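Trainee: Questions regarding the structure given below will be posed in turn.
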Amino acid sequence: MSNLVLNPPPVVTIAIEGSDQQFPVRRVYCIGRNYAAHAIEMGHDPNREPPFFFQKNPDNLYVGDTFPYPEQTKDVHHEIEMVVALKSGGRNIPVEKALDHVWGYGVGLDMTRRDLQGIAKEMGRPWEIGKAFEHSAPIGPLRPVSDVGHPSQGLVQLKVNGKPKQTGDLNQMIWKVPEMIAYLSDYFELAAGDVIMTGTPAGVGPVVKGDVMECHVEGVGTWTVTVV
Ligand code: MN
């Protein structure tokens, strides 16, 4: 018998491509601006600033082919992002060991109430009101490393109603996946079930009800979401 005073909330899970198994989610980390508008040359950029992160709530993840237009906004933007799902974690993970902790990859959307985020930025307030709302992180099925490897280059594209809106390449990430994992682990204890949204290429913009967002990350998958 449980001694909980309420029924516990259900475990949040992400679907796995071609499987009836599910990936259980612990935390959701999102990196801020992580793509340069131009191709990044080999080697590191000495001018890059330290990365910054915010979090969404695990139950903001939304596995489905619809995105319900949220409350209290008139300016909801799409941000296509590759998603990294961890099978293990720890503290102070070295960059060269970071990929050992990855279970797999997926294609997600960091849906953003841009008007509310803008007000928060202006006032120096936290971003949750713009970022961490219900259904704010639609995500397609994950694929395991054994299937897709560790994608580090390839097209990232979001089309709205068939028209390309965001187009980039995974190789344009300023902070690469192993660096993000290592950096986060210096500030937080990472663990199995943690999910990292890896940032979005240029071209973010608003959607309205009825829009169809086609989300593609080369080597990871294509997945379509309709705004309802
Ligand atoms: Mn984002």
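In the structure tokens, each chain is lettered A, B, ... as it comes, each chain's residues begin at 1, and ligands are numbered from 1 in order of appearance.
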Within 10 Å of stretch 116-133 of chain A, counting only C-alpha atoms, which residues show up once you throw out same-chain ones fewer than 2 positions away? Write them as an MDAnalysis selection string, please.
Mentor: chainID A and resid 30 54:61 70:76 110:114 135:137
Trainee: Those same residues - N, CA, C and O atoms - I'd like them written as an mmCIF file, in the first residue's frame.
Mentor:
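What follows is the written file part.cif:
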```cif
data_model
loop_
_atom_site.group_PDB
_atom_site.id
_atom_site.type_symbol
_atom_site.label_atom_id
_atom_site.label_comp_id
_atom_site.auth_asym_id
_atom_site.auth_seq_id
_atom_site.Cartn_x
_atom_site.Cartn_y
_atom_site.Cartn_z
ATOM 1 N N CYS A 30 17.360 23.033 -22.000
ATOM 2 C CA CYS A 30 17.344 23.652 -23.326
ATOM 3 C C CYS A 30 18.486 24.662 -23.372
ATOM 4 O O CYS A 30 18.640 25.458 -22.439
ATOM 5 N N PHE A 54 18.133 26.968 -20.089
ATOM 6 C CA PHE A 54 16.919 27.093 -19.284
ATOM 7 C C PHE A 54 16.274 25.725 -19.267
ATOM 8 O O PHE A 54 16.761 24.802 -19.922
ATOM 9 N N GLN A 55 15.214 25.561 -18.485
ATOM 10 C CA GLN A 55 14.579 24.254 -18.419
ATOM 11 C C GLN A 55 13.105 24.354 -18.764
ATOM 12 O O GLN A 55 12.457 25.376 -18.534
ATOM 13 N N LYS A 56 12.618 23.288 -19.355
ATOM 14 C CA LYS A 56 11.176 23.091 -19.461
ATOM 15 C C LYS A 56 10.810 22.005 -18.460
ATOM 16 O O LYS A 56 11.677 21.282 -17.957
ATOM 17 N N ASN A 57 9.540 21.896 -18.171
ATOM 18 C CA ASN A 57 9.092 20.834 -17.274
ATOM 19 C C ASN A 57 8.942 19.547 -18.072
ATOM 20 O O ASN A 57 8.492 19.577 -19.215
ATOM 21 N N PRO A 58 9.303 18.416 -17.465
ATOM 22 C CA PRO A 58 9.127 17.152 -18.196
ATOM 23 C C PRO A 58 7.722 16.992 -18.772
ATOM 24 O O PRO A 58 7.568 16.539 -19.906
ATOM 25 N N ASP A 59 6.720 17.415 -18.021
ATOM 26 C CA ASP A 59 5.359 17.194 -18.538
ATOM 27 C C ASP A 59 4.946 18.244 -19.579
ATOM 28 O O ASP A 59 3.819 18.227 -20.058
ATOM 29 N N ASN A 60 5.870 19.143 -19.948
ATOM 30 C CA ASN A 60 5.645 19.990 -21.130
ATOM 31 C C ASN A 60 5.915 19.224 -22.412
ATOM 32 O O ASN A 60 5.500 19.646 -23.490
ATOM 33 N N LEU A 61 6.654 18.117 -22.301
ATOM 34 C CA LEU A 61 6.881 17.280 -23.475
ATOM 35 C C LEU A 61 5.542 16.730 -23.927
ATOM 36 O O LEU A 61 4.684 16.383 -23.113
ATOM 37 N N PRO A 70 -1.484 27.856 -27.497
ATOM 38 C CA PRO A 70 -1.582 28.099 -26.049
ATOM 39 C C PRO A 70 -2.362 29.360 -25.689
ATOM 40 O O PRO A 70 -2.665 30.200 -26.531
ATOM 41 N N GLU A 71 -2.600 29.472 -24.400
ATOM 42 C CA GLU A 71 -3.302 30.609 -23.820
ATOM 43 C C GLU A 71 -2.376 31.828 -23.711
ATOM 44 O O GLU A 71 -1.163 31.689 -23.675
ATOM 45 N N GLN A 72 -2.982 32.989 -23.592
ATOM 46 C CA GLN A 72 -2.294 34.205 -23.123
ATOM 47 C C GLN A 72 -1.168 34.666 -24.039
ATOM 48 O O GLN A 72 -0.175 35.237 -23.578
ATOM 49 N N THR A 73 -1.297 34.403 -25.336
ATOM 50 C CA THR A 73 -0.266 34.834 -26.262
ATOM 51 C C THR A 73 -0.890 35.108 -27.614
ATOM 52 O O THR A 73 -1.933 34.535 -27.954
ATOM 53 N N LYS A 74 -0.217 35.974 -28.389
ATOM 54 C CA LYS A 74 -0.614 36.198 -29.776
ATOM 55 C C LYS A 74 0.571 35.976 -30.700
ATOM 56 O O LYS A 74 0.546 36.367 -31.859
ATOM 57 N N ASP A 75 1.644 35.375 -30.166
ATOM 58 C CA ASP A 75 2.870 35.261 -30.963
ATOM 59 C C ASP A 75 3.660 34.010 -30.561
ATOM 60 O O ASP A 75 4.707 34.108 -29.923
ATOM 61 N N VAL A 76 3.146 32.867 -30.969
ATOM 62 C CA VAL A 76 3.838 31.602 -30.667
ATOM 63 C C VAL A 76 4.774 31.245 -31.816
ATOM 64 O O VAL A 76 4.340 31.179 -32.969
ATOM 65 N N ASP A 110 10.895 23.532 -29.605
ATOM 66 C CA ASP A 110 10.895 24.391 -28.416
ATOM 67 C C ASP A 110 9.911 25.522 -28.715
ATOM 68 O O ASP A 110 10.305 26.619 -29.107
ATOM 69 N N MET A 111 8.619 25.218 -28.577
ATOM 70 C CA MET A 111 7.595 26.221 -28.874
ATOM 71 C C MET A 111 7.678 27.331 -27.820
ATOM 72 O O MET A 111 7.864 27.065 -26.631
ATOM 73 N N THR A 112 7.566 28.561 -28.289
ATOM 74 C CA THR A 112 7.888 29.720 -27.454
ATOM 75 C C THR A 112 6.819 30.797 -27.579
ATOM 76 O O THR A 112 6.504 31.222 -28.697
ATOM 77 N N ARG A 113 6.278 31.235 -26.444
ATOM 78 C CA ARG A 113 5.385 32.404 -26.455
ATOM 79 C C ARG A 113 6.289 33.628 -26.513
ATOM 80 O O ARG A 113 6.699 34.177 -25.491
ATOM 81 N N ARG A 114 6.643 34.042 -27.754
ATOM 82 C CA ARG A 114 7.692 35.044 -27.948
ATOM 83 C C ARG A 114 7.319 36.370 -27.320
ATOM 84 O O ARG A 114 8.196 37.099 -26.820
ATOM 85 N N HIS A 135 2.301 21.676 -23.227
ATOM 86 C CA HIS A 135 2.521 21.213 -24.605
ATOM 87 C C HIS A 135 3.597 22.023 -25.338
ATOM 88 O O HIS A 135 3.632 22.044 -26.570
ATOM 89 N N SER A 136 4.466 22.701 -24.579
ATOM 90 C CA SER A 136 5.449 23.590 -25.222
ATOM 91 C C SER A 136 6.619 22.840 -25.856
ATOM 92 O O SER A 136 7.441 23.469 -26.531
ATOM 93 N N ALA A 137 6.706 21.558 -25.619
ATOM 94 C CA ALA A 137 7.823 20.798 -26.198
ATOM 95 C C ALA A 137 7.322 19.546 -26.916
ATOM 96 O O ALA A 137 7.541 18.429 -26.467
#
```
Trainee: Can you pull out every residue within 7 Å of A:Val63, counting only C-alpha atoms, but drop anything in the same chain fewer than 6 positions away, and send it as an NGL selection string?
Mentor: :A and (14 or 138-140)
Trainee: Between chain A and ligand 1, at 7 Å or less, what are the per-residue closest atom pairs and their distances in Å? Count only C-alpha atoms and all ligand atoms, order by chain and rising residue number, and return it as a tab-separated table.
Mentor:
```
residue	atom	partner	partner_atom_place_in_ligand_line	distance
A:Cys30	CA	ligand 1	1 (Mn)	6.3
A:Ile31	CA	ligand 1	1 (Mn)	6.5
A:Gly32	CA	ligand 1	1 (Mn)	5.9
A:Glu79	CA	ligand 1	1 (Mn)	5.6
A:Glu81	CA	ligand 1	1 (Mn)	6.8
A:Asp110	CA	ligand 1	1 (Mn)	5.0
A:Gly199	CA	ligand 1	1 (Mn)	4.7
A:Thr200	CA	ligand 1	1 (Mn)	5.4
```
Trainee: Create the file for the chosen residues now, containing N, CA, C and O atoms and written as a PDB file, in the first residue's frame.
Mentor:
```pdb
ATOM      1  N   CYS A  30      17.360  23.033 -22.000  1.00  0.00           N
ATOM      2  CA  CYS A  30      17.344  23.652 -23.326  1.00  0.00           C
ATOM      3  C   CYS A  30      18.486  24.662 -23.372  1.00  0.00           C
ATOM      4  O   CYS A  30      18.640  25.458 -22.439  1.00  0.00           O
ATOM      5  N   ILE A  31      19.256  24.642 -24.451  1.00  0.00           N
ATOM      6  CA  ILE A  31      20.331  25.634 -24.585  1.00  0.00           C
ATOM      7  C   ILE A  31      19.789  26.858 -25.307  1.00  0.00           C
ATOM      8  O   ILE A  31      18.927  26.743 -26.188  1.00  0.00           O
ATOM      9  N   GLY A  32      20.280  28.028 -24.921  1.00  0.00           N
ATOM     10  CA  GLY A  32      19.919  29.256 -25.625  1.00  0.00           C
ATOM     11  C   GLY A  32      20.634  29.310 -26.961  1.00  0.00           C
ATOM     12  O   GLY A  32      21.229  28.333 -27.398  1.00  0.00           O
ATOM     13  N   GLU A  79      10.558  26.595 -32.941  1.00  0.00           N
ATOM     14  CA  GLU A  79      12.022  26.436 -32.886  1.00  0.00           C
ATOM     15  C   GLU A  79      12.302  24.953 -33.028  1.00  0.00           C
ATOM     16  O   GLU A  79      12.076  24.189 -32.082  1.00  0.00           O
ATOM     17  N   GLU A  81      14.558  21.722 -33.040  1.00  0.00           N
ATOM     18  CA  GLU A  81      15.796  21.400 -32.333  1.00  0.00           C
ATOM     19  C   GLU A  81      16.049  19.891 -32.350  1.00  0.00           C
ATOM     20  O   GLU A  81      15.110  19.105 -32.180  1.00  0.00           O
ATOM     21  N   ASP A 110      10.895  23.532 -29.605  1.00  0.00           N
ATOM     22  CA  ASP A 110      10.895  24.391 -28.416  1.00  0.00           C
ATOM     23  C   ASP A 110       9.911  25.522 -28.715  1.00  0.00           C
ATOM     24  O   ASP A 110      10.305  26.619 -29.107  1.00  0.00           O
ATOM     25  N   GLY A 199      19.144  23.587 -29.309  1.00  0.00           N
ATOM     26  CA  GLY A 199      19.136  24.903 -29.929  1.00  0.00           C
ATOM     27  C   GLY A 199      18.596  24.858 -31.348  1.00  0.00           C
ATOM     28  O   GLY A 199      18.453  23.792 -31.940  1.00  0.00           O
ATOM     29  N   THR A 200      18.309  26.047 -31.857  1.00  0.00           N
ATOM     30  CA  THR A 200      17.579  26.126 -33.125  1.00  0.00           C
ATOM     31  C   THR A 200      18.302  27.014 -34.126  1.00  0.00           C
ATOM     32  O   THR A 200      18.918  28.011 -33.734  1.00  0.00           O
TER      33      THR A 200
END
```
Trainee: Please extract the residues of stretch 20-221 of chain A with a backbone DSSP assignment of strand (DSSP E) and present them as a compact mmCIF listing (two decimals) with N, CA, C and O atoms, in the first residue's frame.
Mentor:
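Now in part-v7.txt:
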```txt
# COMPACT_ATOMS: atom_id res chain seq x y z
N GLN A 22 9.14 2.78 -24.34
CA GLN A 22 9.06 4.22 -24.13
C GLN A 22 10.29 4.69 -23.38
O GLN A 22 10.83 3.95 -22.55
N PHE A 23 10.70 5.92 -23.62
CA PHE A 23 11.83 6.53 -22.91
C PHE A 23 11.29 7.38 -21.76
O PHE A 23 10.56 8.36 -22.01
N PRO A 24 11.61 7.05 -20.50
CA PRO A 24 11.11 7.84 -19.37
C PRO A 24 11.94 9.10 -19.15
O PRO A 24 13.16 9.05 -19.19
N VAL A 28 14.36 18.30 -18.44
CA VAL A 28 14.49 18.82 -19.81
C VAL A 28 15.33 20.10 -19.76
O VAL A 28 14.89 21.12 -19.22
N TYR A 29 16.54 20.03 -20.31
CA TYR A 29 17.41 21.20 -20.42
C TYR A 29 17.36 21.71 -21.86
O TYR A 29 17.34 20.93 -22.81
N CYS A 30 17.36 23.03 -22.00
CA CYS A 30 17.34 23.65 -23.33
C CYS A 30 18.49 24.66 -23.37
O CYS A 30 18.64 25.46 -22.44
N ILE A 31 19.26 24.64 -24.45
CA ILE A 31 20.33 25.63 -24.59
C ILE A 31 19.79 26.86 -25.31
O ILE A 31 18.93 26.74 -26.19
N PHE A 53 21.57 28.00 -20.35
CA PHE A 53 20.51 26.99 -20.42
C PHE A 53 19.28 27.47 -19.65
O PHE A 53 19.39 28.25 -18.71
N PHE A 54 18.13 26.97 -20.09
CA PHE A 54 16.92 27.09 -19.28
C PHE A 54 16.27 25.73 -19.27
O PHE A 54 16.76 24.80 -19.92
N GLN A 55 15.21 25.56 -18.48
CA GLN A 55 14.58 24.25 -18.42
C GLN A 55 13.10 24.35 -18.76
O GLN A 55 12.46 25.38 -18.53
N LYS A 56 12.62 23.29 -19.36
CA LYS A 56 11.18 23.09 -19.46
C LYS A 56 10.81 22.01 -18.46
O LYS A 56 11.68 21.28 -17.96
N LEU A 61 6.65 18.12 -22.30
CA LEU A 61 6.88 17.28 -23.47
C LEU A 61 5.54 16.73 -23.93
O LEU A 61 4.68 16.38 -23.11
N TYR A 62 5.41 16.65 -25.20
CA TYR A 62 4.11 16.32 -25.75
C TYR A 62 4.34 15.45 -26.96
O TYR A 62 4.94 15.89 -27.94
N THR A 66 -0.19 16.93 -33.02
CA THR A 66 -0.85 18.24 -32.96
C THR A 66 -0.21 19.09 -31.87
O THR A 66 0.33 18.56 -30.89
N PHE A 67 -0.28 20.41 -32.06
CA PHE A 67 0.19 21.35 -31.05
C PHE A 67 -0.96 22.30 -30.75
O PHE A 67 -1.37 23.08 -31.61
N VAL A 76 3.15 32.87 -30.97
CA VAL A 76 3.84 31.60 -30.67
C VAL A 76 4.77 31.25 -31.82
O VAL A 76 4.34 31.18 -32.97
N HIS A 77 6.05 31.03 -31.48
CA HIS A 77 7.05 30.72 -32.49
C HIS A 77 7.48 29.26 -32.46
O HIS A 77 7.54 28.64 -31.41
N HIS A 78 7.83 28.77 -33.66
CA HIS A 78 8.45 27.45 -33.77
C HIS A 78 9.96 27.57 -33.61
O HIS A 78 10.56 28.55 -34.07
N ILE A 80 12.76 24.54 -34.21
CA ILE A 80 13.11 23.12 -34.38
C ILE A 80 14.46 22.85 -33.72
O ILE A 80 15.38 23.66 -33.82
N GLU A 81 14.56 21.72 -33.04
CA GLU A 81 15.80 21.40 -32.33
C GLU A 81 16.05 19.89 -32.35
O GLU A 81 15.11 19.11 -32.18
N MET A 82 17.29 19.49 -32.52
CA MET A 82 17.61 18.10 -32.27
C MET A 82 17.58 17.87 -30.75
O MET A 82 17.99 18.74 -29.98
N VAL A 83 17.06 16.72 -30.38
CA VAL A 83 16.92 16.37 -28.97
C VAL A 83 17.87 15.22 -28.64
O VAL A 83 17.98 14.26 -29.40
N VAL A 84 18.57 15.36 -27.52
CA VAL A 84 19.48 14.32 -27.04
C VAL A 84 18.88 13.69 -25.79
O VAL A 84 18.46 14.41 -24.88
N ALA A 85 18.81 12.38 -25.74
CA ALA A 85 18.23 11.67 -24.59
C ALA A 85 19.34 10.87 -23.90
O ALA A 85 20.04 10.08 -24.55
N LEU A 86 19.51 11.09 -22.60
CA LEU A 86 20.61 10.46 -21.86
C LEU A 86 20.19 9.15 -21.20
O LEU A 86 19.10 9.05 -20.66
N VAL A 102 24.79 9.03 -23.94
CA VAL A 102 23.63 9.30 -24.80
C VAL A 102 22.92 8.00 -25.16
O VAL A 102 23.54 7.05 -25.64
N TRP A 103 21.60 7.98 -24.95
CA TRP A 103 20.78 6.83 -25.37
C TRP A 103 20.37 6.96 -26.83
O TRP A 103 20.38 6.01 -27.59
N GLY A 104 19.98 8.19 -27.21
CA GLY A 104 19.51 8.36 -28.58
C GLY A 104 19.16 9.80 -28.88
O GLY A 104 19.43 10.71 -28.07
N TYR A 105 18.57 9.98 -30.05
CA TYR A 105 18.30 11.33 -30.56
C TYR A 105 16.88 11.42 -31.10
O TYR A 105 16.30 10.41 -31.52
N GLY A 106 16.36 12.63 -31.11
CA GLY A 106 15.03 12.85 -31.66
C GLY A 106 14.91 14.25 -32.25
O GLY A 106 15.87 15.03 -32.25
N VAL A 107 13.73 14.53 -32.78
CA VAL A 107 13.43 15.85 -33.35
C VAL A 107 12.34 16.47 -32.49
O VAL A 107 11.28 15.87 -32.28
N GLY A 108 12.62 17.67 -31.98
CA GLY A 108 11.65 18.32 -31.10
C GLY A 108 11.40 19.76 -31.49
O GLY A 108 12.06 20.32 -32.38
N LEU A 109 10.42 20.35 -30.84
CA LEU A 109 10.09 21.76 -31.03
C LEU A 109 10.12 22.46 -29.67
O LEU A 109 9.48 21.99 -28.73
N THR A 112 7.57 28.56 -28.29
CA THR A 112 7.89 29.72 -27.45
C THR A 112 6.82 30.80 -27.58
O THR A 112 6.50 31.22 -28.70
N ARG A 113 6.28 31.23 -26.44
CA ARG A 113 5.39 32.40 -26.46
C ARG A 113 6.29 33.63 -26.51
O ARG A 113 6.70 34.18 -25.49
N ALA A 137 6.71 21.56 -25.62
CA ALA A 137 7.82 20.80 -26.20
C ALA A 137 7.32 19.55 -26.92
O ALA A 137 7.54 18.43 -26.47
N PRO A 138 6.67 19.74 -28.07
CA PRO A 138 6.28 18.56 -28.85
C PRO A 138 7.54 17.83 -29.30
O PRO A 138 8.54 18.45 -29.65
N ARG A 143 15.26 7.84 -31.61
CA ARG A 143 15.95 6.71 -32.23
C ARG A 143 17.26 6.47 -31.48
O ARG A 143 17.96 7.42 -31.13
N PRO A 144 17.58 5.20 -31.21
CA PRO A 144 18.76 4.90 -30.40
C PRO A 144 20.06 5.13 -31.15
O PRO A 144 20.10 5.11 -32.39
N LEU A 155 21.26 18.31 -42.47
CA LEU A 155 20.24 19.34 -42.56
C LEU A 155 19.30 19.35 -41.34
O LEU A 155 18.83 18.30 -40.90
N VAL A 156 19.05 20.54 -40.84
CA VAL A 156 17.99 20.77 -39.85
C VAL A 156 17.01 21.72 -40.51
O VAL A 156 17.39 22.83 -40.87
N GLN A 157 15.78 21.28 -40.71
CA GLN A 157 14.86 22.14 -41.45
C GLN A 157 13.44 22.04 -40.91
O GLN A 157 12.96 20.96 -40.60
N LEU A 158 12.82 23.21 -40.82
CA LEU A 158 11.40 23.25 -40.47
C LEU A 158 10.66 23.97 -41.59
O LEU A 158 11.02 25.08 -41.99
N LYS A 159 9.64 23.28 -42.12
CA LYS A 159 8.78 23.91 -43.12
C LYS A 159 7.42 24.17 -42.49
O LYS A 159 6.93 23.36 -41.70
N VAL A 160 6.83 25.30 -42.85
CA VAL A 160 5.44 25.58 -42.45
C VAL A 160 4.59 25.58 -43.71
O VAL A 160 4.87 26.34 -44.65
N LYS A 163 6.54 25.41 -46.92
CA LYS A 163 7.57 26.42 -47.21
C LYS A 163 8.68 26.36 -46.16
O LYS A 163 8.41 26.46 -44.97
N PRO A 164 9.95 26.26 -46.60
CA PRO A 164 11.06 26.25 -45.64
C PRO A 164 11.11 27.56 -44.84
O PRO A 164 11.09 28.64 -45.42
N LYS A 165 11.15 27.44 -43.55
CA LYS A 165 11.25 28.62 -42.67
C LYS A 165 12.57 28.63 -41.90
O LYS A 165 13.18 29.68 -41.72
N GLN A 166 12.96 27.50 -41.40
CA GLN A 166 14.24 27.38 -40.70
C GLN A 166 15.09 26.36 -41.43
O GLN A 166 14.64 25.23 -41.66
N THR A 167 16.29 26.76 -41.80
CA THR A 167 17.20 25.84 -42.47
C THR A 167 18.59 26.03 -41.88
O THR A 167 19.10 27.15 -41.85
N GLY A 168 19.16 24.95 -41.39
CA GLY A 168 20.51 25.01 -40.85
C GLY A 168 21.16 23.65 -40.98
O GLY A 168 20.63 22.75 -41.64
N ASP A 169 22.31 23.52 -40.35
CA ASP A 169 23.02 22.25 -40.36
C ASP A 169 23.50 21.97 -38.94
O ASP A 169 23.92 22.91 -38.24
N VAL A 195 16.90 15.00 -20.82
CA VAL A 195 16.74 15.31 -22.23
C VAL A 195 17.32 16.71 -22.45
O VAL A 195 17.13 17.60 -21.63
N ILE A 196 18.09 16.86 -23.53
CA ILE A 196 18.67 18.17 -23.86
C ILE A 196 18.17 18.60 -25.23
O ILE A 196 18.31 17.86 -26.21
N MET A 197 17.57 19.79 -25.29
CA MET A 197 17.19 20.38 -26.57
C MET A 197 18.35 21.28 -27.00
O MET A 197 18.79 22.15 -26.23
N GLY A 205 9.79 31.80 -36.27
CA GLY A 205 8.69 32.70 -36.60
C GLY A 205 7.37 32.18 -36.08
O GLY A 205 7.31 31.07 -35.51
N PRO A 206 6.31 32.97 -36.25
CA PRO A 206 5.03 32.63 -35.66
C PRO A 206 4.26 31.56 -36.45
O PRO A 206 4.46 31.40 -37.65
N VAL A 212 0.78 23.62 -40.65
CA VAL A 212 1.41 22.31 -40.57
C VAL A 212 2.93 22.50 -40.54
O VAL A 212 3.51 23.07 -41.46
N MET A 213 3.55 22.06 -39.45
CA MET A 213 5.01 22.20 -39.28
C MET A 213 5.65 20.86 -39.58
O MET A 213 5.38 19.87 -38.91
N GLU A 214 6.50 20.85 -40.62
CA GLU A 214 7.22 19.64 -40.97
C GLU A 214 8.65 19.78 -40.46
O GLU A 214 9.37 20.69 -40.84
N CYS A 215 9.02 18.90 -39.56
CA CYS A 215 10.29 19.02 -38.82
C CYS A 215 11.23 17.92 -39.30
O CYS A 215 10.88 16.74 -39.24
N HIS A 216 12.43 18.31 -39.73
CA HIS A 216 13.36 17.33 -40.29
C HIS A 216 14.76 17.55 -39.73
O HIS A 216 15.29 18.66 -39.78
N VAL A 217 15.34 16.51 -39.20
CA VAL A 217 16.76 16.51 -38.86
C VAL A 217 17.37 15.32 -39.58
O VAL A 217 17.00 14.17 -39.34
N GLY A 221 15.29 12.02 -38.35
CA GLY A 221 13.90 11.76 -38.73
C GLY A 221 13.16 12.98 -39.20
O GLY A 221 13.65 14.10 -39.15
```
Trainee: Identify, on the basis of only C-alpha atoms, every residue whose closest approach to A:Leu170 does not exceed 8 Å; exclude the query and any residue fewer than 3 positions from it along the same chain; express the result as a PyMOL selection string.
Mentor: chain A and resi 151-156+173
Trainee: For a test of reading the model, state the distance in Å between atom CA of A:Pro10 and atom CA of A:Ser88, rounded to one decimal.
Mentor: 21.3 Å
Trainee: Give the alpha helix (DSSP H) residues of stretch 86-187 of chain A, as assigned by DSSP on the backbone, as a ChimeraX atom specification.
Mentor: /A:114-122,128-131,145-148,177-187
Trainee: For A:Val25, which of A:Gly210, A:Gly162, A:Gly203, A:Gly193 is the closest residue, counting only C-alpha atoms?
Mentor: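 Among the listed residues, the smallest separation from A:Val25 belongs to A:Gly193.
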Trainee: Find the residues around A:Lys97 up to 12 Å (only C-alpha atoms counted), leave out those fewer than 5 positions away in its own chain, and share them as a PyMOL selection string.
Mentor: chain A and resi 88-92+102+177-179+181-182+185
Trainee: Smallest atom-to-atom distance to A:Trp175: which of A:Pro9, A:Asn3, A:Tyr35, A:Glu17, using only C-alpha atoms?
Mentor: A:Tyr35
Trainee: I'd like the interatomic distance between atom CA of A:Glu189 and atom CA of A:His101, to a tenth of an Å.
Mentor: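 Pair atom CA of A:Glu189 / atom CA of A:His101 returns 12.7 Å.
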Trainee: Find the distance between atom CA of A:Asn171 and atom CA of A:Thr224 and write it in Å to one decimal.
Mentor: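 Between these atoms lies a distance of 23.2 Å.
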Trainee: Using only C-alpha atoms, which of A:Pro201, A:Pro50, A:Gly18, A:Gly219 sits nearest A:Ala36?
Mentor: A:Pro201
